[in-house]
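Coordinates from run.cif are shown below (mmCIF, C-alpha atoms).
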```cif
data_final
#
loop_
_atom_site.label_atom_id
_atom_site.label_comp_id
_atom_site.auth_asym_id
_atom_site.auth_seq_id
_atom_site.Cartn_x
_atom_site.Cartn_y
_atom_site.Cartn_z
CA MET K 1 109.97 111.05 84.98
CA LYS K 2 109.38 108.31 87.52
CA SER K 3 109.57 110.66 90.49
CA LYS K 4 106.89 112.84 88.91
CA LYS K 5 104.50 109.93 88.98
CA LEU K 6 105.36 109.19 92.59
CA LEU K 7 104.91 112.83 93.52
CA PHE K 8 101.53 112.99 91.84
CA GLY K 9 100.50 109.81 93.65
CA ILE K 10 101.51 111.16 97.05
CA LEU K 11 99.62 114.38 96.36
CA LEU K 12 96.53 112.44 95.32
CA ILE K 13 96.68 110.29 98.45
CA ILE K 14 97.03 113.36 100.68
CA VAL K 15 94.02 115.04 99.05
CA LEU K 16 91.89 111.89 99.45
CA LEU K 17 92.96 111.52 103.08
CA THR K 18 92.13 115.14 103.86
CA VAL K 19 88.65 114.78 102.39
CA LEU K 20 88.08 111.60 104.36
CA VAL K 21 89.32 112.92 107.70
CA GLY K 22 87.33 116.11 107.20
CA TYR K 23 84.17 114.16 106.47
CA GLU K 24 84.63 111.81 109.43
CA TRP K 25 85.47 114.63 111.81
CA HIS K 26 82.44 116.62 110.72
CA GLY K 27 80.19 113.57 111.19
CA ALA K 28 81.56 112.79 114.65
CA PHE K 29 81.26 116.44 115.65
CA LYS K 30 77.61 116.61 114.54
CA LYS K 31 76.83 113.41 116.42
CA SER K 32 78.45 114.46 119.67
CA LYS K 33 76.55 117.79 119.51
CA LEU K 34 73.26 115.96 119.11
CA ILE K 35 74.07 113.75 122.07
CA GLU K 36 74.95 116.83 124.14
CA GLN K 37 71.50 118.17 123.44
CA GLY K 38 70.06 114.89 124.64
CA ILE K 39 69.03 113.64 121.22
CA MET K 40 70.27 110.15 120.43
CA PRO K 41 71.34 109.85 116.81
CA LYS K 42 68.67 107.90 114.97
CA GLU K 43 69.57 104.49 113.67
CA LEU K 44 68.02 103.63 110.36
CA PHE K 45 68.24 99.94 111.13
CA PRO K 46 67.96 99.66 114.89
CA ILE K 47 68.45 96.27 116.46
CA SER K 48 66.56 95.84 119.70
CA GLN K 49 64.98 93.07 121.75
CA GLU K 50 61.94 93.14 119.47
CA THR K 51 63.83 92.69 116.24
CA PRO K 52 63.02 89.24 114.87
CA TRP K 53 66.17 87.08 114.94
CA TRP K 54 66.22 86.41 111.22
CA LEU K 55 66.33 90.12 110.49
CA ILE K 56 69.47 90.73 112.57
CA PRO K 57 72.05 89.73 109.91
CA PHE K 58 70.33 91.92 107.29
CA TYR K 59 70.03 94.87 109.64
CA THR K 60 73.67 94.50 110.65
CA LEU K 61 74.76 94.51 107.03
CA LEU K 62 72.57 97.47 106.10
CA SER K 63 73.64 99.56 109.06
CA TYR K 64 77.30 98.99 108.15
CA ILE K 65 76.69 99.93 104.56
CA GLN K 66 75.01 103.10 105.79
CA LYS K 67 77.82 103.86 108.26
CA ALA K 68 80.85 102.95 106.24
CA TRP K 69 80.11 103.42 102.53
CA PHE K 70 81.97 106.72 102.26
CA CYS K 71 84.96 105.59 104.24
CA LEU K 72 85.13 102.25 102.48
CA GLY K 73 84.93 103.96 99.10
CA MET K 74 87.76 106.29 100.06
CA ALA K 75 89.77 103.36 101.41
CA PHE K 76 89.51 101.62 98.05
CA LEU K 77 90.45 104.81 96.17
CA ILE K 78 93.53 105.24 98.37
CA ALA K 79 94.55 101.59 98.25
CA GLY K 80 94.31 101.78 94.46
CA ALA K 81 96.43 104.94 94.42
CA VAL K 82 99.11 103.31 96.54
CA GLN K 83 99.13 100.32 94.20
CA THR K 84 99.33 102.49 91.07
CA PHE K 85 101.66 105.32 92.00
CA ILE K 86 104.09 103.95 94.56
CA PRO K 87 106.68 101.78 92.84
CA LYS K 88 107.07 98.43 94.54
CA GLU K 89 110.67 98.25 93.41
CA LEU K 90 111.48 101.09 95.78
CA VAL K 91 110.58 98.95 98.76
CA ILE K 92 111.94 95.65 97.52
CA LYS K 93 115.27 97.15 96.49
CA HIS K 94 115.93 98.08 100.10
CA LEU K 95 115.01 94.62 101.31
CA GLY K 96 117.87 93.10 99.37
CA LYS K 97 120.52 93.52 102.02
CA ARG K 98 121.11 91.86 105.34
CA ASN K 99 121.18 94.64 107.88
CA PRO K 100 119.15 95.81 110.87
CA LYS K 101 117.54 98.55 108.79
CA ALA K 102 115.76 95.86 106.79
CA TYR K 103 113.38 95.22 109.70
CA PHE K 104 112.09 98.77 109.57
CA ILE K 105 111.79 98.78 105.81
CA ALA K 106 109.88 95.50 105.98
CA ALA K 107 107.52 96.84 108.62
CA PHE K 108 106.83 100.23 107.06
CA GLY K 109 107.25 99.30 103.40
CA GLY K 110 105.19 96.11 103.43
CA PRO K 111 101.89 97.94 103.61
CA LEU K 112 102.82 99.95 100.52
CA LEU K 113 102.90 96.82 98.41
CA SER K 114 99.91 95.03 97.04
CA VAL K 115 97.65 93.56 99.69
CA CYS K 116 96.92 90.48 97.60
CA SER K 117 97.27 87.61 100.03
CA CYS K 118 98.41 85.15 97.40
CA SER K 119 101.37 87.21 96.26
CA ILE K 120 102.65 87.61 99.77
CA ILE K 121 104.12 84.10 100.07
CA PRO K 122 106.46 84.34 97.05
CA LEU K 123 107.57 87.75 98.23
CA PHE K 124 108.17 86.36 101.71
CA ALA K 125 110.27 83.58 100.25
CA ALA K 126 112.22 85.98 98.07
CA ILE K 127 113.05 88.33 100.94
CA LYS K 128 114.14 85.39 103.04
CA LYS K 129 116.14 83.55 100.43
CA ARG K 130 117.59 86.18 98.17
CA GLY K 131 117.26 89.27 100.27
CA ALA K 132 117.36 90.40 103.84
CA GLY K 133 116.92 86.96 105.41
CA LEU K 134 114.42 85.21 107.64
CA GLY K 135 113.83 87.90 110.27
CA PRO K 136 112.82 90.78 108.02
CA ALA K 137 110.81 88.37 105.88
CA ILE K 138 108.72 87.44 108.91
CA THR K 139 108.37 91.09 109.90
CA PHE K 140 107.14 91.81 106.39
CA LEU K 141 104.70 88.90 106.50
CA LEU K 142 103.16 90.01 109.79
CA ALA K 143 103.09 93.77 109.25
CA THR K 144 101.68 93.86 105.74
CA PRO K 145 98.12 92.67 106.40
CA ALA K 146 97.89 94.36 109.78
CA ILE K 147 98.39 97.93 108.69
CA ASN K 148 97.52 98.25 105.01
CA PRO K 149 96.06 101.69 104.13
CA ALA K 150 92.47 100.49 103.79
CA ALA K 151 92.52 98.78 107.20
CA VAL K 152 93.94 101.85 108.91
CA ILE K 153 91.26 104.09 107.38
CA LEU K 154 88.42 101.77 108.30
CA THR K 155 89.72 101.34 111.85
CA PHE K 156 89.76 105.11 112.22
CA SER K 157 86.22 105.46 110.94
CA LEU K 158 84.58 102.56 112.78
CA ILE K 159 86.39 102.25 116.11
CA GLY K 160 88.15 105.54 116.57
CA TRP K 161 91.57 107.11 116.62
CA GLN K 162 92.69 105.44 119.86
CA PHE K 163 92.49 102.02 118.26
CA THR K 164 94.04 103.29 115.04
CA ILE K 165 97.13 104.64 116.75
CA GLY K 166 97.38 101.72 119.17
CA ARG K 167 97.03 99.25 116.34
CA ILE K 168 99.68 100.84 114.15
CA ILE K 169 102.29 101.20 116.91
CA LEU K 170 101.71 97.80 118.52
CA ALA K 171 101.36 95.87 115.25
CA LEU K 172 104.60 97.30 113.89
CA SER K 173 106.45 96.61 117.14
CA ALA K 174 105.06 93.09 117.35
CA ALA K 175 106.09 92.35 113.75
CA ILE K 176 109.62 93.67 114.28
CA ILE K 177 110.10 91.90 117.64
CA THR K 178 108.83 88.59 116.23
CA GLY K 179 111.16 88.92 113.24
CA VAL K 180 114.19 89.64 115.43
CA VAL K 181 113.46 86.81 117.88
CA VAL K 182 112.82 84.21 115.17
CA GLU K 183 116.00 85.24 113.36
CA LYS K 184 117.98 84.86 116.62
CA ILE K 185 116.61 81.36 117.23
CA TRP K 186 116.87 79.99 113.69
CA TYR K 187 119.73 82.01 112.23
CA LYS K 188 122.15 79.11 111.64
CA GLN K 189 119.65 76.61 110.31
CA GLU K 190 118.09 78.92 107.79
CA LEU K 191 121.07 80.74 106.36
CA ASP K 192 120.73 80.19 102.66
CA GLY K 193 120.97 83.58 101.03
CA THR K 194 123.25 83.39 98.02
CA SER K 195 121.78 84.91 94.92
CA GLU K 196 120.68 88.50 95.02
CA LEU K 197 117.19 89.87 95.20
CA LYS K 198 116.54 91.56 91.91
CA VAL K 199 113.31 92.87 90.58
CA GLU K 200 112.68 93.52 86.95
CA TYR K 201 112.35 97.25 86.69
CA HIS K 202 109.38 98.43 84.75
CA GLU K 203 109.96 101.78 83.06
CA GLU K 204 107.21 104.07 84.26
CA LYS K 205 106.42 107.28 82.50
CA PHE K 206 103.99 109.75 83.91
CA SER K 207 101.10 110.69 81.70
CA LEU K 208 98.00 111.94 83.39
CA ILE K 209 95.10 110.29 81.61
CA PRO K 210 96.44 106.70 81.25
CA ASP K 211 97.69 106.78 84.84
CA LEU K 212 94.35 107.93 86.16
CA LYS K 213 92.71 105.19 84.12
CA GLU K 214 95.10 102.63 85.59
CA TRP K 215 94.31 103.94 89.07
CA LEU K 216 90.57 103.52 88.56
CA LYS K 217 91.16 100.06 87.15
CA ASN K 218 93.14 99.08 90.23
CA VAL K 219 90.44 100.52 92.47
CA TRP K 220 87.80 98.50 90.64
CA ASP K 221 89.96 95.38 91.00
CA PHE K 222 90.15 95.93 94.76
CA VAL K 223 86.40 96.49 95.00
CA LYS K 224 85.66 93.37 92.95
CA ARG K 225 87.93 91.26 95.06
CA ILE K 226 87.50 92.56 98.57
CA LEU K 227 84.00 94.02 98.79
CA PRO K 228 82.05 90.74 98.43
CA LEU K 229 84.19 89.19 101.18
CA VAL K 230 83.64 92.18 103.46
CA LEU K 231 79.87 92.14 102.93
CA LEU K 232 79.71 88.40 103.50
CA GLY K 233 81.87 88.78 106.60
CA ILE K 234 79.57 91.41 108.08
CA PHE K 235 76.52 89.25 107.31
CA ILE K 236 78.14 86.37 109.18
CA ILE K 237 78.90 88.72 112.08
CA GLY K 238 75.15 89.43 112.11
CA ILE K 239 74.45 85.69 112.36
CA ILE K 240 76.97 85.31 115.20
CA LYS K 241 75.21 88.17 116.98
CA ILE K 242 72.05 86.07 117.25
CA PHE K 243 73.87 83.48 119.35
CA LEU K 244 76.31 85.57 121.32
CA THR K 245 74.59 87.54 124.04
CA PRO K 246 76.30 90.48 125.76
CA GLU K 247 76.55 88.33 128.91
CA ILE K 248 78.65 85.69 127.17
CA ILE K 249 80.84 88.31 125.49
CA SER K 250 81.57 90.29 128.63
CA LYS K 251 82.31 87.09 130.53
CA TYR K 252 84.80 85.63 128.06
CA LEU K 253 86.01 88.73 126.25
CA GLY K 254 85.58 91.50 128.80
CA GLN K 255 88.59 93.19 130.34
CA GLY K 256 91.20 90.95 132.01
CA PHE K 257 94.31 88.87 131.42
CA TRP K 258 92.65 85.59 130.48
CA GLN K 259 90.19 87.39 128.25
CA ILE K 260 93.07 89.04 126.40
CA ALA K 261 94.85 85.68 126.08
CA LEU K 262 91.71 84.13 124.61
CA ALA K 263 91.17 86.98 122.12
CA SER K 264 94.82 86.77 121.08
CA ILE K 265 94.69 83.02 120.36
CA MET K 266 91.39 83.46 118.52
CA GLY K 267 93.17 85.89 116.25
CA VAL K 268 96.05 83.48 115.63
CA VAL K 269 93.83 80.58 114.57
CA MET K 270 90.80 82.19 112.93
CA TYR K 271 90.81 83.22 109.32
CA THR K 272 89.58 86.79 109.10
CA PRO K 273 89.25 88.24 105.60
CA THR K 274 90.94 91.64 105.15
CA LEU K 275 88.96 94.48 106.74
CA VAL K 276 86.33 92.19 108.30
CA GLU K 277 88.24 92.16 111.60
CA ILE K 278 87.21 95.79 112.09
CA PRO K 279 83.38 95.49 112.07
CA PHE K 280 83.83 92.22 113.99
CA VAL K 281 85.72 93.95 116.80
CA ARG K 282 83.32 96.90 116.69
CA GLU K 283 80.30 94.66 117.23
CA LEU K 284 82.02 92.83 120.08
CA LEU K 285 83.08 96.12 121.67
CA ILE K 286 79.48 97.35 121.62
CA SER K 287 78.36 94.09 123.25
CA GLY K 288 80.85 94.28 126.10
CA MET K 289 84.28 93.25 124.83
CA GLY K 290 87.11 94.98 126.70
CA THR K 291 89.58 97.25 124.91
CA GLY K 292 92.49 94.92 125.74
CA PRO K 293 91.04 91.80 124.10
CA ALA K 294 89.87 93.92 121.16
CA LEU K 295 93.36 95.21 120.43
CA ALA K 296 94.88 91.76 120.98
CA PHE K 297 92.53 90.39 118.35
CA LEU K 298 93.36 93.22 115.94
CA LEU K 299 97.07 92.44 116.37
CA THR K 300 96.95 88.72 115.68
CA GLY K 301 93.74 88.39 113.63
CA PRO K 302 94.73 89.77 110.24
CA ALA K 303 98.41 88.81 110.52
CA LEU K 304 97.90 85.13 111.25
CA SER K 305 95.46 82.37 110.36
CA LEU K 306 95.66 78.62 109.98
CA PRO K 307 95.39 78.74 106.14
CA SER K 308 98.17 81.31 105.82
CA MET K 309 100.41 79.36 108.20
CA LEU K 310 99.86 76.21 106.15
CA GLY K 311 100.86 78.15 103.03
CA ILE K 312 104.01 79.49 104.66
CA SER K 313 105.01 76.05 105.91
CA ARG K 314 105.51 75.09 102.25
CA VAL K 315 108.36 77.56 102.15
CA VAL K 316 109.95 77.36 105.61
CA LYS K 317 110.08 74.62 108.26
CA TRP K 318 106.80 74.23 110.11
CA LYS K 319 108.67 74.57 113.37
CA ILE K 320 109.49 78.14 112.45
CA VAL K 321 105.83 78.78 111.68
CA VAL K 322 104.75 77.42 115.07
CA ASN K 323 107.51 79.46 116.62
CA TYR K 324 106.40 82.79 115.20
CA ALA K 325 102.74 82.01 115.89
CA ILE K 326 103.52 81.48 119.57
CA ILE K 327 105.60 84.66 119.76
CA MET K 328 102.80 86.63 118.10
CA TRP K 329 100.29 85.15 120.54
CA ILE K 330 102.40 86.31 123.49
CA LEU K 331 102.95 89.73 121.91
CA GLY K 332 99.20 89.96 121.27
CA ILE K 333 98.64 89.48 125.00
CA ALA K 334 101.32 92.06 125.82
CA GLY K 335 99.84 94.53 123.33
CA GLY K 336 96.35 93.99 124.76
CA LEU K 337 97.59 94.61 128.30
CA ILE K 338 99.45 97.76 127.29
CA PHE K 339 96.46 99.12 125.39
CA ALA K 340 94.02 98.30 128.21
CA TYR K 341 96.31 100.18 130.59
CA PHE K 342 96.21 103.37 128.51
CA ILE K 343 92.66 103.13 127.11
CA PRO K 344 90.58 101.17 129.63
CA GLN K 345 87.28 102.20 128.07
CA ILE K 346 85.92 103.47 124.81
CA LYS K 347 82.61 104.92 123.69
CA LEU K 348 81.25 103.90 120.35
CA PHE K 349 78.35 105.51 118.57
CA MET J 350 108.15 79.84 71.98
CA LYS J 351 107.88 78.96 75.62
CA ILE J 352 105.43 80.94 77.71
CA GLU J 353 105.20 80.38 81.43
CA ILE J 354 102.84 82.03 83.86
CA PHE J 355 103.69 81.91 87.53
CA GLY J 356 100.98 82.23 90.14
CA PRO J 357 99.17 80.14 92.73
CA GLY J 358 95.84 80.60 91.00
CA CYS J 359 94.42 83.81 92.36
CA TRP J 360 92.35 86.13 90.21
CA ARG J 361 95.34 88.25 89.23
CA CYS J 362 97.08 85.21 87.76
CA LYS J 363 93.94 84.25 85.89
CA GLN J 364 93.66 87.75 84.48
CA LEU J 365 97.24 87.58 83.25
CA GLU J 366 96.61 84.22 81.63
CA GLU J 367 93.52 85.56 79.92
CA ASN J 368 95.39 88.60 78.59
CA THR J 369 98.16 86.37 77.27
CA ARG J 370 95.67 84.08 75.60
CA LYS J 371 93.99 87.03 73.91
CA ALA J 372 97.34 88.41 72.76
CA LEU J 373 98.28 85.04 71.27
CA LYS J 374 94.95 84.85 69.50
CA GLU J 375 95.22 88.35 68.06
CA LEU J 376 98.68 87.62 66.73
CA LYS J 377 97.54 84.18 65.55
CA ILE J 378 100.43 82.49 67.28
CA ASP J 379 99.94 78.90 68.28
CA ALA J 380 101.82 78.48 71.52
CA LYS J 381 101.11 76.68 74.72
CA ILE J 382 100.90 78.50 78.01
CA GLU J 383 102.52 76.63 80.82
CA LYS J 384 101.11 77.41 84.22
CA VAL J 385 103.33 77.10 87.27
CA THR J 386 101.17 76.92 90.37
CA ASP J 387 103.40 75.04 92.81
CA MET J 388 104.49 77.52 95.43
CA ALA J 389 107.85 75.84 95.97
CA LYS J 390 108.63 76.16 92.24
CA ILE J 391 107.32 79.71 92.01
CA VAL J 392 109.52 81.02 94.77
CA GLU J 393 112.64 79.64 93.15
CA ARG J 394 112.50 82.28 90.45
CA ILE J 395 109.75 84.77 91.08
CA THR J 396 109.55 87.55 93.62
CA MET J 397 106.04 88.78 93.02
CA THR J 398 103.14 87.00 91.43
CA PRO J 399 101.67 87.02 88.91
CA ALA J 400 104.63 86.78 86.56
CA ILE J 401 105.06 86.02 82.88
CA VAL J 402 108.20 84.38 81.54
CA ILE J 403 108.80 84.15 77.80
CA ASN J 404 111.63 81.94 76.55
CA GLY J 405 113.17 81.90 79.98
CA LYS J 406 113.16 85.66 80.47
CA ILE J 407 111.04 87.33 83.11
CA LYS J 408 108.98 89.92 81.28
CA ALA J 409 106.77 91.18 84.07
CA GLU J 410 106.17 90.36 87.68
CA GLY J 411 103.87 91.63 90.36
CA ARG J 412 101.54 93.26 87.86
CA ILE J 413 99.14 92.46 85.09
CA PRO J 414 100.48 93.72 81.76
CA ASP J 415 97.80 94.56 79.21
CA ILE J 416 97.28 92.81 75.90
CA ASN J 417 99.22 95.32 73.80
CA GLU J 418 102.24 95.03 76.05
CA ILE J 419 102.20 91.23 75.88
CA LYS J 420 101.86 91.41 72.08
CA LYS J 421 105.11 93.39 71.90
CA TRP J 422 106.94 90.60 73.75
CA LEU J 423 105.42 87.89 71.63
CA LYS J 424 106.50 89.39 68.33
#
```

Now that the file is in, can you turn its structure into structure tokens?
Amino acid sequence: MKSKKLLFGILLIIVLLTVLVGYEWHGAFKKSKLIEQGIMPKELFPISQETPWWLIPFYTLLSYIQKAWFCLGMAFLIAGAVQTFIPKELVIKHLGKRNPKAYFIAAFGGPLLSVCSCSIIPLFAAIKKRGAGLGPAITFLLATPAINPAAVILTFSLIGWQFTIGRIILALSAAIITGVVVEKIWYKQELDGTSELKVEYHEEKFSLIPDLKEWLKNVWDFVKRILPLVLLGIFIIGIIKIFLTPEIISKYLGQGFWQIALASIMGVVMYTPTLVEIPFVRELLISGMGTGPALAFLLTGPALSLPSMLGISRVVKWKIVVNYAIIMWILGIAGGLIFAYFIPQIKLF
Amino acid sequence: MKIEIFGPGCWRCKQLEENTRKALKELKIDAKIEKVTDMAKIVERITMTPAIVINGKIKAEGRIPDINEIKKWLK
């Protein structure tokens, strides 16, 4: 009966995704037609030179609510569906063995697990200690926040398909490469896997109404937990906008190697709440940030932050933490350079 | 009876603790809930937080069981 539940979940997710993509595509199509006719789409909350400075944060927040409410709602519905219908045991079971395949399972499977940042450290420790070892554990740790379903959906809606595809490919590669390199460097020191990774299996029967109820409950939990942070994050972006002029942004974060390096290290150090990195990058892109630095920030921003590194250093040696942070910084630069080569410019509405 | 709840103190762990407390109250069982919040101790036994351990046996991990489910384990 378990597979029936999984099947229903996958179907539900596909339906939700189709609705979302259809809606977004239709909206983008309508907009580009208007622009072709020479009509600029009207902003309900336009920010111009005349806007009083204290209104900017409020206008920023309102214009994002207006732009992203549908997509954000769908993102929460889908994240809840993933949480409810896709059994975590499926992923974790495959992370129990030491083999090269574990890297791929960690990278692709991580996002299917809960995005709760406080349950990621125990899981990291378990994969390292009782499962696939240090390398895949680090891959898991870095891939999970970078490409969770909600983040992918919001990236698509707010900064376009180029960034979505670039982000997924480069974030997964960066997570796998970092995992492999760290494992190579620290293999001998950190070999402590003895007991086996076992997860208590929870018998899941499929019954439509209770499962749908559970889904909505999970969605509500996500909304309760993440939405206030996202709104606060966007408000703070509005405050930052008062101080950062386009001149400053294009000087320090425009296109170029040093700009990409700076954006990448910003991402490593700064704490960015889930999903907030996307409006943040969007605002900077509009004000003159280059595509390279933007992608570099998207690669390192959600995956790393000082608080998360401090948490991880309770479980592994801090030298390992510094090690993977540096590798991610370098890979962030590489990813930014690659992306800037293919997509040197982007138009945002 | 020994009830342990593992979790670093996020809202999911608090929800689990609350459900357990309610279940204990409904069954009129007087038992203490021991909270394990130290990450180093959590990772020794638990894969996913939050987790509830009753008399040394892991009953649920990585999810928040509802009150009725917890009541079954407490009986």

Can you check which residues of chain J have any atom within 6 Å of chain K? Use only C-alpha atoms and format it as a ChimeraX atom specification. /J:392,396-398

What's around Asn368 of chain J at 10 Å? Count all atoms listed in the file, leave out sequence neighbours fewer than 4 positions away in its own chain, and write the answer as number ranges by chain. J: 362-364, 372-374, 413-420

What separation in Å, quoted to one decimal, exists between atom CA of Val269 of chain K and atom CA of Leu295 of chain K?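 Spanning atom CA of Val269 of chain K to atom CA of Leu295 of chain K is a straight-line distance of 15.8 Å.
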
Among listed residues K:Gln345, K:Ser313, K:Gln49, K:Asn323, nearest Met388 of chain J (using only C-alpha atoms): K:Ser313

Surrounding residues of Glu383 of chain J excluding itself and chain neighbours under 4 positions, 9 Å, all atoms listed in the file, as a list in words: Lys351, Ile352, Glu353, Ile354 and Phe355 of chain J

Gap from atom CA of Ile147 of chain K to atom CA of Arg167 of chain K - Å, one decimal: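 So the answer is 7.9 Å.
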
Interatomic distance between atom CA of Gln162 of chain K and atom CA of Met328 of chain K?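 Straight-line distance from atom CA of Gln162 of chain K to atom CA of Met328 of chain K works out to 21.4 Å.
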
Which residue gives the smallest distance to Pro399 of chain J among J:Cys359, J:Leu423, J:Ile382, J:Leu376, with all atoms listed in the file counted?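 When distances to Pro399 of chain J are compared using all atoms listed in the file, the smallest one comes from J:Cys359.
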
Could you list, as an MDAnalysis selection string, every residue within 7 Å of Gly254 of chain K, counting all atoms listed in the file and ignoring same-chain residues fewer than 2 positions away? chainID K and resid 249:252 256 259 288:290

At a cut-off of 10 Å from (95.8, 111.7, 96.3) in the coordinates of the file, what residues are picked up using all atoms listed in the file, written as a count of residues only? 18

Rank J:Trp422, J:Ile403, J:Lys390, J:Arg370 by their smallest atom-to-atom distance to Met350 of chain J, using all atoms listed in the file, and report the top residue only.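 So, comparing all the options, the nearest one is J:Ile403.
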
The residue from K:Ala261, K:Leu6, K:Ile35, K:Trp329 with the smallest atom-to-atom distance to Thr178 of chain K, counting all atoms listed in the file, is K:Trp329

Convert the output of the PyMOL selection byres ((chain K and resi 111) around 6) on the shown file into explicit residues, formatted as a list of chain:residue names.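 When the PyMOL selection byres ((chain K and resi 111) around 6) is applied to the shown file, the picked residues are K:Gly109, K:Gly110, K:Leu112, K:Leu113, K:Thr144, K:Asn148.
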
Expected selection from the PyMOL selection byres ((chain K and resi 330) around 10), given as a short mmCIF file (atom, residue, chain, number, x, y, z; two decimals) with C-alpha atoms, keeping the file's coordinate frame:
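Below is the file selection_15.cif, written as the result:
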```cif
data_model
loop_
_atom_site.label_atom_id
_atom_site.label_comp_id
_atom_site.auth_asym_id
_atom_site.auth_seq_id
_atom_site.Cartn_x
_atom_site.Cartn_y
_atom_site.Cartn_z
CA ALA K 174 105.06 93.09 117.35
CA THR K 178 108.83 88.59 116.23
CA ALA K 261 94.85 85.68 126.08
CA SER K 264 94.82 86.77 121.08
CA ILE K 265 94.69 83.02 120.36
CA ALA K 296 94.88 91.76 120.98
CA THR K 300 96.95 88.72 115.68
CA TYR K 324 106.40 82.79 115.20
CA ALA K 325 102.74 82.01 115.89
CA ILE K 326 103.52 81.48 119.57
CA ILE K 327 105.60 84.66 119.76
CA MET K 328 102.80 86.63 118.10
CA TRP K 329 100.29 85.15 120.54
CA LEU K 331 102.95 89.73 121.91
CA GLY K 332 99.20 89.96 121.27
CA ILE K 333 98.64 89.48 125.00
CA ALA K 334 101.32 92.06 125.82
CA GLY K 335 99.84 94.53 123.33
CA GLY K 336 96.35 93.99 124.76
#
```

Evaluate the PyMOL selection byres ((chain K and resi 156-160) around 8) and record the selected residues as an MDAnalysis selection string, following the chain and residue labels used in the document. chainID K and resid 24 68 71 152:155 161:164 278:279 282 348

Counting only C-alpha atoms, figure out which residue out of J:Val385, J:Val402, J:Ile395, J:Ala409 gets nearest to Gly358 of chain J. J:Val385

Once you add 6 Å to each side, what are the centre and edge lengths of the axis-aligned box holding all listed atoms of segment 365-384 of chain J? One decimal in Å, as JSON, if you can.
```
{"center_x": 98.0, "center_y": 82.6, "center_z": 74.9, "size_x": 21.0, "size_y": 24.0, "size_z": 30.7}
```

Taking (110.9, 94.4, 103.4) in the file's coordinates as the center, which residues reach within 7 Å of it, counting all atoms listed in the file, put as a PyMOL selection string? chain K and resi 91-92+95+102-103+105-107+109-110+127+136-137+140

Write the residues of the selection above to a file with C-alpha atoms, as a PDB file, in the frame of the given file.
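Listed below is the output, part-v5.pdb:
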```pdb
ATOM      1  CA  VAL K  91     110.580  98.950  98.760  1.00  0.00           C
ATOM      2  CA  ILE K  92     111.940  95.650  97.520  1.00  0.00           C
ATOM      3  CA  LEU K  95     115.010  94.620 101.310  1.00  0.00           C
ATOM      4  CA  ALA K 102     115.760  95.860 106.790  1.00  0.00           C
ATOM      5  CA  TYR K 103     113.380  95.220 109.700  1.00  0.00           C
ATOM      6  CA  ILE K 105     111.790  98.780 105.810  1.00  0.00           C
ATOM      7  CA  ALA K 106     109.880  95.500 105.980  1.00  0.00           C
ATOM      8  CA  ALA K 107     107.520  96.840 108.620  1.00  0.00           C
ATOM      9  CA  GLY K 109     107.250  99.300 103.400  1.00  0.00           C
ATOM     10  CA  GLY K 110     105.190  96.110 103.430  1.00  0.00           C
ATOM     11  CA  ILE K 127     113.050  88.330 100.940  1.00  0.00           C
ATOM     12  CA  PRO K 136     112.820  90.780 108.020  1.00  0.00           C
ATOM     13  CA  ALA K 137     110.810  88.370 105.880  1.00  0.00           C
ATOM     14  CA  PHE K 140     107.140  91.810 106.390  1.00  0.00           C
TER      15      PHE K 140
END
```
